[in-house]
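So this block is structure-v7.pdb, PDB, C-alpha atoms:
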```pdb
ATOM      1  CA  MET A   1       3.747 -38.531 -48.520  1.00  0.00           C
ATOM      2  CA  ALA A   2       4.339 -41.868 -46.829  1.00  0.00           C
ATOM      3  CA  THR A   3       7.337 -42.794 -49.038  1.00  0.00           C
ATOM      4  CA  PRO A   4       9.587 -39.815 -48.185  1.00  0.00           C
ATOM      5  CA  VAL A   5       8.527 -40.028 -44.546  1.00  0.00           C
ATOM      6  CA  ARG A   6       9.500 -43.699 -44.539  1.00  0.00           C
ATOM      7  CA  ASP A   7      12.863 -42.884 -46.093  1.00  0.00           C
ATOM      8  CA  VAL A   8      13.525 -40.294 -43.392  1.00  0.00           C
ATOM      9  CA  VAL A   9      12.646 -42.624 -40.517  1.00  0.00           C
ATOM     10  CA  ALA A  10      15.069 -45.471 -41.114  1.00  0.00           C
ATOM     11  CA  PRO A  11      18.481 -43.789 -41.274  1.00  0.00           C
ATOM     12  CA  ARG A  12      18.090 -40.784 -39.026  1.00  0.00           C
ATOM     13  CA  TRP A  13      16.184 -41.088 -35.761  1.00  0.00           C
ATOM     14  CA  PRO A  14      16.298 -43.555 -32.876  1.00  0.00           C
ATOM     15  CA  ASN A  15      13.271 -45.506 -31.740  1.00  0.00           C
ATOM     16  CA  GLN A  16      12.146 -43.214 -28.913  1.00  0.00           C
ATOM     17  CA  SER A  17      12.682 -39.862 -30.597  1.00  0.00           C
ATOM     18  CA  PRO A  18       9.568 -37.708 -31.188  1.00  0.00           C
ATOM     19  CA  GLU A  19      10.494 -37.467 -34.870  1.00  0.00           C
ATOM     20  CA  PHE A  20      10.366 -41.253 -35.215  1.00  0.00           C
ATOM     21  CA  ARG A  21       7.027 -41.401 -33.417  1.00  0.00           C
ATOM     22  CA  TYR A  22       5.602 -38.655 -35.606  1.00  0.00           C
ATOM     23  CA  CYS A  23       6.735 -40.329 -38.818  1.00  0.00           C
ATOM     24  CA  MET A  24       5.200 -43.637 -37.785  1.00  0.00           C
ATOM     25  CA  HIS A  25       1.882 -41.909 -37.012  1.00  0.00           C
ATOM     26  CA  GLU A  26       2.110 -40.023 -40.309  1.00  0.00           C
ATOM     27  CA  MET A  27       2.619 -43.170 -42.361  1.00  0.00           C
ATOM     28  CA  THR A  28      -0.149 -45.054 -40.556  1.00  0.00           C
ATOM     29  CA  GLU A  29      -2.714 -42.267 -40.838  1.00  0.00           C
ATOM     30  CA  GLU A  30      -1.877 -41.345 -44.418  1.00  0.00           C
ATOM     31  CA  CYS A  31      -2.382 -44.968 -45.471  1.00  0.00           C
ATOM     32  CA  ASN A  32      -5.710 -44.946 -43.618  1.00  0.00           C
ATOM     33  CA  HIS A  33      -6.661 -41.716 -45.381  1.00  0.00           C
ATOM     34  CA  ILE A  34      -5.914 -43.237 -48.775  1.00  0.00           C
ATOM     35  CA  GLN A  35      -8.216 -46.138 -47.963  1.00  0.00           C
ATOM     36  CA  MET A  36     -10.880 -43.801 -46.564  1.00  0.00           C
ATOM     37  CA  PHE A  37     -10.938 -41.540 -49.616  1.00  0.00           C
ATOM     38  CA  MET A  38     -10.755 -44.551 -51.949  1.00  0.00           C
ATOM     39  CA  GLU A  39     -13.848 -46.012 -50.296  1.00  0.00           C
ATOM     40  CA  LEU A  40     -15.648 -42.674 -50.588  1.00  0.00           C
ATOM     41  CA  VAL A  41     -14.781 -42.454 -54.283  1.00  0.00           C
ATOM     42  CA  ASN A  42     -15.877 -46.059 -54.855  1.00  0.00           C
ATOM     43  CA  ARG A  43     -19.227 -45.369 -53.224  1.00  0.00           C
ATOM     44  CA  THR A  44     -19.841 -42.311 -55.405  1.00  0.00           C
ATOM     45  CA  ASP A  45     -19.069 -44.387 -58.503  1.00  0.00           C
ATOM     46  CA  VAL A  46     -17.372 -41.362 -60.103  1.00  0.00           C
ATOM     47  CA  GLU A  47     -14.149 -41.728 -62.080  1.00  0.00           C
ATOM     48  CA  VAL A  48     -11.435 -39.672 -60.343  1.00  0.00           C
ATOM     49  CA  PRO A  49      -8.293 -38.984 -62.398  1.00  0.00           C
ATOM     50  CA  GLY A  50      -5.963 -38.434 -59.439  1.00  0.00           C
ATOM     51  CA  MET A  51      -2.817 -36.337 -59.580  1.00  0.00           C
ATOM     52  CA  ARG A  52      -1.789 -34.722 -62.826  1.00  0.00           C
ATOM     53  CA  ARG A  53       0.579 -36.547 -65.152  1.00  0.00           C
ATOM     54  CA  ARG A  54       3.491 -34.156 -64.649  1.00  0.00           C
ATOM     55  CA  LEU A  55       3.377 -34.631 -60.887  1.00  0.00           C
ATOM     56  CA  ARG A  56       3.262 -38.392 -61.289  1.00  0.00           C
ATOM     57  CA  ARG A  57       6.448 -38.193 -63.320  1.00  0.00           C
ATOM     58  CA  VAL A  58       8.413 -36.146 -60.803  1.00  0.00           C
ATOM     59  CA  SER A  59       7.011 -37.639 -57.588  1.00  0.00           C
ATOM     60  CA  PRO A  60       9.653 -40.429 -57.300  1.00  0.00           C
ATOM     61  CA  TRP A  61      12.406 -37.828 -57.634  1.00  0.00           C
ATOM     62  CA  LEU A  62      10.699 -35.552 -55.110  1.00  0.00           C
ATOM     63  CA  ALA A  63      10.426 -38.408 -52.619  1.00  0.00           C
ATOM     64  CA  GLY A  64      14.152 -39.091 -52.849  1.00  0.00           C
ATOM     65  CA  ALA A  65      15.069 -35.415 -52.548  1.00  0.00           C
ATOM     66  CA  LEU A  66      12.856 -34.851 -49.511  1.00  0.00           C
ATOM     67  CA  ALA A  67      14.156 -37.959 -47.742  1.00  0.00           C
ATOM     68  CA  THR A  68      17.543 -36.343 -47.116  1.00  0.00           C
ATOM     69  CA  ARG A  69      16.190 -32.912 -46.120  1.00  0.00           C
ATOM     70  CA  PRO A  70      13.888 -33.235 -43.086  1.00  0.00           C
ATOM     71  CA  VAL A  71      13.071 -29.527 -42.750  1.00  0.00           C
ATOM     72  CA  LEU A  72      12.173 -29.306 -46.429  1.00  0.00           C
ATOM     73  CA  LEU A  73      10.081 -32.461 -46.007  1.00  0.00           C
ATOM     74  CA  MET A  74       8.083 -30.808 -43.219  1.00  0.00           C
ATOM     75  CA  VAL A  75       7.565 -27.695 -45.355  1.00  0.00           C
ATOM     76  CA  ALA A  76       6.264 -29.942 -48.141  1.00  0.00           C
ATOM     77  CA  ILE A  77       3.943 -31.686 -45.683  1.00  0.00           C
ATOM     78  CA  LEU A  78       2.541 -28.324 -44.597  1.00  0.00           C
ATOM     79  CA  ALA A  79       2.152 -27.245 -48.214  1.00  0.00           C
ATOM     80  CA  GLY A  80       0.131 -30.369 -48.860  1.00  0.00           C
ATOM     81  CA  GLU A  81      -1.967 -30.196 -45.704  1.00  0.00           C
ATOM     82  CA  GLU A  82      -2.820 -26.506 -45.269  1.00  0.00           C
ATOM     83  CA  PRO A  83      -4.898 -25.789 -48.411  1.00  0.00           C
ATOM     84  CA  ILE A  84      -7.175 -28.803 -48.081  1.00  0.00           C
ATOM     85  CA  ASP A  85      -7.469 -28.240 -44.319  1.00  0.00           C
ATOM     86  CA  HIS A  86      -8.661 -24.652 -44.868  1.00  0.00           C
ATOM     87  CA  PHE A  87     -11.003 -25.747 -47.658  1.00  0.00           C
ATOM     88  CA  GLN A  88     -12.614 -28.497 -45.602  1.00  0.00           C
ATOM     89  CA  LYS A  89     -13.031 -26.292 -42.537  1.00  0.00           C
ATOM     90  CA  ALA A  90     -14.639 -23.599 -44.689  1.00  0.00           C
ATOM     91  CA  LEU A  91     -17.128 -26.156 -46.043  1.00  0.00           C
ATOM     92  CA  LEU A  92     -18.035 -27.264 -42.527  1.00  0.00           C
ATOM     93  CA  ARG A  93     -18.411 -23.664 -41.322  1.00  0.00           C
ATOM     94  CA  ASP A  94     -20.605 -22.843 -44.312  1.00  0.00           C
ATOM     95  CA  GLY A  95     -23.100 -25.410 -43.100  1.00  0.00           C
ATOM     96  CA  GLY A  96     -24.058 -26.535 -46.590  1.00  0.00           C
ATOM     97  CA  HIS A  97     -25.886 -29.767 -47.236  1.00  0.00           C
ATOM     98  CA  LEU A  98     -23.157 -32.363 -47.622  1.00  0.00           C
ATOM     99  CA  PRO A  99     -23.738 -36.093 -48.056  1.00  0.00           C
ATOM    100  CA  PRO A 100     -23.170 -37.828 -44.697  1.00  0.00           C
ATOM    101  CA  ALA A 101     -20.274 -39.906 -46.053  1.00  0.00           C
ATOM    102  CA  VAL A 102     -18.504 -36.766 -47.327  1.00  0.00           C
ATOM    103  CA  LEU A 103     -19.151 -34.925 -44.066  1.00  0.00           C
ATOM    104  CA  ARG A 104     -17.809 -37.734 -41.880  1.00  0.00           C
ATOM    105  CA  THR A 105     -14.780 -38.244 -44.105  1.00  0.00           C
ATOM    106  CA  MET A 106     -13.888 -34.563 -43.800  1.00  0.00           C
ATOM    107  CA  GLU A 107     -14.372 -34.560 -40.034  1.00  0.00           C
ATOM    108  CA  ILE A 108     -12.005 -37.498 -39.609  1.00  0.00           C
ATOM    109  CA  HIS A 109      -9.473 -36.007 -42.002  1.00  0.00           C
ATOM    110  CA  ILE A 110      -9.450 -32.614 -40.278  1.00  0.00           C
ATOM    111  CA  ALA A 111      -9.020 -34.147 -36.827  1.00  0.00           C
ATOM    112  CA  GLU A 112      -6.158 -36.433 -37.809  1.00  0.00           C
ATOM    113  CA  GLU A 113      -4.336 -33.954 -40.036  1.00  0.00           C
ATOM    114  CA  ALA A 114      -4.288 -31.476 -37.143  1.00  0.00           C
ATOM    115  CA  ARG A 115      -1.568 -33.590 -35.505  1.00  0.00           C
ATOM    116  CA  HIS A 116       0.495 -33.647 -38.688  1.00  0.00           C
ATOM    117  CA  ILE A 117       0.198 -29.900 -39.167  1.00  0.00           C
ATOM    118  CA  SER A 118       1.049 -29.142 -35.539  1.00  0.00           C
ATOM    119  CA  PHE A 119       4.144 -31.336 -35.513  1.00  0.00           C
ATOM    120  CA  ALA A 120       5.441 -30.140 -38.879  1.00  0.00           C
ATOM    121  CA  ASP A 121       4.886 -26.524 -37.834  1.00  0.00           C
ATOM    122  CA  GLU A 122       6.878 -26.960 -34.624  1.00  0.00           C
ATOM    123  CA  PHE A 123       9.587 -28.914 -36.432  1.00  0.00           C
ATOM    124  CA  VAL A 124      10.160 -26.133 -38.960  1.00  0.00           C
ATOM    125  CA  LYS A 125      10.019 -23.474 -36.267  1.00  0.00           C
ATOM    126  CA  LEU A 126      12.653 -25.299 -34.213  1.00  0.00           C
ATOM    127  CA  ARG A 127      14.954 -26.671 -36.918  1.00  0.00           C
ATOM    128  CA  ALA A 128      14.969 -24.037 -39.669  1.00  0.00           C
ATOM    129  CA  PRO A 129      16.872 -21.408 -37.598  1.00  0.00           C
ATOM    130  CA  ARG A 130      19.604 -24.025 -36.966  1.00  0.00           C
ATOM    131  CA  LEU A 131      20.284 -24.637 -40.658  1.00  0.00           C
ATOM    132  CA  PRO A 132      23.506 -23.281 -42.165  1.00  0.00           C
ATOM    133  CA  ARG A 133      23.032 -19.815 -43.616  1.00  0.00           C
ATOM    134  CA  GLY A 134      23.081 -20.982 -47.240  1.00  0.00           C
ATOM    135  CA  GLN A 135      20.516 -23.718 -46.637  1.00  0.00           C
ATOM    136  CA  ARG A 136      18.307 -21.329 -44.701  1.00  0.00           C
ATOM    137  CA  LEU A 137      18.440 -18.823 -47.562  1.00  0.00           C
ATOM    138  CA  ALA A 138      17.591 -21.530 -50.094  1.00  0.00           C
ATOM    139  CA  LEU A 139      14.697 -22.717 -47.945  1.00  0.00           C
ATOM    140  CA  SER A 140      13.377 -19.177 -47.576  1.00  0.00           C
ATOM    141  CA  LEU A 141      13.313 -18.834 -51.374  1.00  0.00           C
ATOM    142  CA  LEU A 142      11.711 -22.233 -51.897  1.00  0.00           C
ATOM    143  CA  PHE A 143       9.102 -21.812 -49.146  1.00  0.00           C
ATOM    144  CA  PRO A 144       6.548 -19.699 -51.084  1.00  0.00           C
ATOM    145  CA  VAL A 145       7.166 -21.643 -54.314  1.00  0.00           C
ATOM    146  CA  ILE A 146       6.442 -24.958 -52.589  1.00  0.00           C
ATOM    147  CA  MET A 147       3.314 -23.552 -50.944  1.00  0.00           C
ATOM    148  CA  ARG A 148       1.889 -22.113 -54.162  1.00  0.00           C
ATOM    149  CA  THR A 149       2.779 -25.132 -56.295  1.00  0.00           C
ATOM    150  CA  ALA A 150       1.251 -27.604 -53.853  1.00  0.00           C
ATOM    151  CA  ALA A 151      -1.922 -25.533 -53.512  1.00  0.00           C
ATOM    152  CA  GLU A 152      -2.368 -25.409 -57.274  1.00  0.00           C
ATOM    153  CA  GLU A 153      -1.852 -29.153 -57.617  1.00  0.00           C
ATOM    154  CA  ILE A 154      -4.249 -30.008 -54.806  1.00  0.00           C
ATOM    155  CA  MET A 155      -7.001 -27.436 -55.284  1.00  0.00           C
ATOM    156  CA  THR A 156      -7.249 -27.154 -59.081  1.00  0.00           C
ATOM    157  CA  PRO A 157      -9.665 -29.598 -60.732  1.00  0.00           C
ATOM    158  CA  PRO A 158      -8.521 -31.261 -63.957  1.00  0.00           C
ATOM    159  CA  ARG A 159      -9.183 -29.370 -67.173  1.00  0.00           C
ATOM    160  CA  SER A 160     -10.815 -32.497 -68.539  1.00  0.00           C
ATOM    161  CA  LEU A 161     -13.624 -31.899 -66.034  1.00  0.00           C
ATOM    162  CA  ALA A 162     -14.046 -28.304 -67.239  1.00  0.00           C
ATOM    163  CA  ARG A 163     -14.212 -29.491 -70.842  1.00  0.00           C
ATOM    164  CA  ARG A 164     -16.751 -32.169 -69.971  1.00  0.00           C
ATOM    165  CA  LEU A 165     -18.950 -29.568 -68.258  1.00  0.00           C
ATOM    166  CA  GLY A 166     -18.529 -27.036 -71.046  1.00  0.00           C
ATOM    167  CA  ILE A 167     -16.745 -24.438 -68.899  1.00  0.00           C
ATOM    168  CA  PRO A 168     -14.880 -21.906 -71.101  1.00  0.00           C
ATOM    169  CA  ASP A 169     -11.117 -21.713 -70.647  1.00  0.00           C
ATOM    170  CA  GLU A 170     -11.230 -18.083 -69.545  1.00  0.00           C
ATOM    171  CA  VAL A 171     -13.813 -18.862 -66.847  1.00  0.00           C
ATOM    172  CA  PHE A 172     -11.751 -21.789 -65.605  1.00  0.00           C
ATOM    173  CA  ALA A 173      -8.601 -19.620 -65.528  1.00  0.00           C
ATOM    174  CA  GLU A 174     -10.354 -16.874 -63.560  1.00  0.00           C
ATOM    175  CA  ALA A 175     -11.576 -19.402 -61.013  1.00  0.00           C
ATOM    176  CA  PHE A 176      -8.182 -21.153 -60.740  1.00  0.00           C
ATOM    177  CA  TRP A 177      -6.140 -18.818 -60.032  1.00  0.00           C
ATOM    178  CA  LYS A 178      -6.060 -15.838 -62.368  1.00  0.00           C
ATOM    179  CA  GLY A 179      -9.006 -13.806 -61.069  1.00  0.00           C
ATOM    180  CA  PRO A 180      -8.803 -11.459 -58.062  1.00  0.00           C
ATOM    181  CA  ALA A 181     -11.338 -13.443 -56.026  1.00  0.00           C
ATOM    182  CA  SER A 182      -9.535 -16.737 -56.574  1.00  0.00           C
ATOM    183  CA  ARG A 183      -6.212 -15.108 -55.701  1.00  0.00           C
ATOM    184  CA  ARG A 184      -7.675 -13.930 -52.407  1.00  0.00           C
ATOM    185  CA  ILE A 185      -8.816 -17.488 -51.728  1.00  0.00           C
ATOM    186  CA  MET A 186      -5.323 -18.780 -52.514  1.00  0.00           C
ATOM    187  CA  ALA A 187      -3.764 -16.225 -50.162  1.00  0.00           C
ATOM    188  CA  SER A 188      -6.195 -17.172 -47.397  1.00  0.00           C
ATOM    189  CA  TYR A 189      -4.826 -20.708 -47.345  1.00  0.00           C
ATOM    190  CA  PHE A 190      -1.447 -19.589 -46.060  1.00  0.00           C
ATOM    191  CA  GLY A 191      -1.934 -17.026 -43.299  1.00  0.00           C
ATOM    192  CA  GLU A 192      -0.497 -19.421 -40.718  1.00  0.00           C
ATOM    193  CA  MET A 193       2.360 -20.299 -43.050  1.00  0.00           C
ATOM    194  CA  ARG A 194       3.373 -16.656 -43.410  1.00  0.00           C
ATOM    195  CA  ALA A 195       3.496 -16.436 -39.619  1.00  0.00           C
ATOM    196  CA  LEU A 196       5.532 -19.641 -39.503  1.00  0.00           C
ATOM    197  CA  ALA A 197       8.008 -18.298 -42.048  1.00  0.00           C
ATOM    198  CA  ALA A 198       8.483 -15.198 -39.895  1.00  0.00           C
ATOM    199  CA  ASP A 199       8.911 -17.226 -36.690  1.00  0.00           C
ATOM    200  CA  ALA A 200      11.398 -19.596 -38.371  1.00  0.00           C
ATOM    201  CA  GLY A 201      13.559 -16.812 -39.819  1.00  0.00           C
ATOM    202  CA  LEU A 202      12.551 -17.567 -43.408  1.00  0.00           C
ATOM    203  CA  MET A 203      11.359 -14.114 -44.429  1.00  0.00           C
ATOM    204  CA  ASN A 204      13.561 -12.080 -46.776  1.00  0.00           C
TER
END
```

Mind turning the file's structure into structure tokens?
Amino acid sequence: MATPVRDVVAPRWPNQSPEFRYCMHEMTEECNHIQMFMELVNRTDVEVPGMRRRLRRVSPWLAGALATRPVLLMVAILAGEEPIDHFQKALLRDGGHLPPAVLRTMEIHIAEEARHISFADEFVKLRAPRLPRGQRLALSLLFPVIMRTAAEEIMTPPRSLARRLGIPDEVFAEAFWKGPASRRIMASYFGEMRALAADAGLMN
């Protein structure tokens, strides 16, 4: 997310604006998060495939498109932050036995992402109602698509992992996101986002 945020900072906001300050914090903390998760992965000595190939292909285009549309950028940030935030908080509430490195990594991530989520939420709430009618309509139609797409990309493990573990395709599909239980989990990620859409005038 740092690249589109960087592209938004330079041409649009003066030095002392809250948007500029937020974007600088976002870039700094996201780079720190990359290093933090990279170190965690290195210590586990497990090969992690990263984002799926199709997303790698379109990510440069997405970065350019988001750079010129700040409200859409903040919606994308929320779509990327909310699912993993809910997932991590649920793990901590569950009280399961997590390795200390995993536990501390999640605690840091939750605390720092709270600022990003709060700012992006307020930004959308304030700026979306000011958009021209056509842009607001387009955003309202894109809002649930962006949320669902981002959640699938972030929360679905690679099929190569399922094949390696011998998990049948139908079991994998039911768990991600064809079965009723998994659909309820998906819906639970976005309760706050439905409220945000209503507050920002993005419900049709």

Separation of CA of Ala150 in chain A from CA of Ala65 in chain A, in Å and rounded to one decimal: 15.9 Å

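Each of A:Glu122, A:Arg136, A:Arg183, A:Ala198 was checked against Pro18 in chain A using all atoms listed in the file; the smallest atom-to-atom distance is that of A:Glu122.
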
Expected residue set, 12 Å radius at (-4.5, -19.0, -46.7), all atoms listed in the file, as a PyMOL selection string: chain A and resi 78-79+81-87+89-90+144+147-148+151+182-195

Spatial neighbours of Pro158 in chain A, 10 Å, all atoms listed in the file, chain gap at least 4 places, as an MDAnalysis selection string: chainID A and resid 48:52 153 162:163

Among listed residues A:Val124, A:Ile146, A:Met106, A:Leu66, nearest Phe37 in chain A (using all atoms listed in the file): A:Met106

Residue members of the PyMOL selection byres ((chain A and resi 128) around 10) in the file shown, as number ranges by chain: A: 70-72, 122-127, 129-133, 135-136, 139-140, 197, 199-202

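For the file at hand, the PyMOL selection byres ((chain A and resi 29) around 12) resolves to A:Met1, A:Ala2, A:Tyr22, A:Cys23, A:Met24, A:His25, A:Glu26, A:Met27, A:Thr28, A:Glu30, A:Cys31, A:Asn32, A:His33, A:Ile34, A:Gln35, A:Met36, A:Ile108, A:His109, A:Ile110, A:Ala111, A:Glu112, A:Glu113, A:Ala114, A:Arg115, A:His116.
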
Take the point (-3.1, -28.4, -68.7) in the file's coordinates, draw a sphere of radius 12 Å around it, and report as an mmCIF file with C-alpha atoms, in the frame of the given file every protein, DNA or RNA residue with an atom inside or on it, counting only C-alpha atoms.
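The new file part_33.cif reads:
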```
data_model
loop_
_atom_site.group_PDB
_atom_site.id
_atom_site.type_symbol
_atom_site.label_atom_id
_atom_site.label_comp_id
_atom_site.auth_asym_id
_atom_site.auth_seq_id
_atom_site.Cartn_x
_atom_site.Cartn_y
_atom_site.Cartn_z
ATOM 1 C CA ARG A 52 -1.789 -34.722 -62.826
ATOM 2 C CA ARG A 53 0.579 -36.547 -65.152
ATOM 3 C CA ARG A 54 3.491 -34.156 -64.649
ATOM 4 C CA LEU A 55 3.377 -34.631 -60.887
ATOM 5 C CA GLU A 152 -2.368 -25.409 -57.274
ATOM 6 C CA GLU A 153 -1.852 -29.153 -57.617
ATOM 7 C CA THR A 156 -7.249 -27.154 -59.081
ATOM 8 C CA PRO A 157 -9.665 -29.598 -60.732
ATOM 9 C CA PRO A 158 -8.521 -31.261 -63.957
ATOM 10 C CA ARG A 159 -9.183 -29.370 -67.173
ATOM 11 C CA SER A 160 -10.815 -32.497 -68.539
ATOM 12 C CA LEU A 161 -13.624 -31.899 -66.034
ATOM 13 C CA ALA A 162 -14.046 -28.304 -67.239
ATOM 14 C CA ARG A 163 -14.212 -29.491 -70.842
ATOM 15 C CA ASP A 169 -11.117 -21.713 -70.647
ATOM 16 C CA PHE A 172 -11.751 -21.789 -65.605
ATOM 17 C CA ALA A 173 -8.601 -19.620 -65.528
ATOM 18 C CA PHE A 176 -8.182 -21.153 -60.740
#
```

Length of the CA of Gln16 in chain A to CA of Val75 in chain A vector [Å]: 23.1 Å

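Nearest to Leu40 in chain A of all the residues A:Leu142, A:Gly134, A:Leu103, A:Gly166 is A:Leu103, counting only C-alpha atoms.
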
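The gap separating CA of Ile154 in chain A from CA of Arg69 in chain A is 22.4 Å, in Å to one decimal.
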
Report, as JSON, the axis-aligned box around all atoms of range 32-37 of chain A present in the file, extended by 4 Å on each side; give centre and edge lengths in Å to one decimal place.
```
{"center_x": -8.3, "center_y": -43.8, "center_z": -46.6, "size_x": 13.2, "size_y": 12.6, "size_z": 14.0}
```
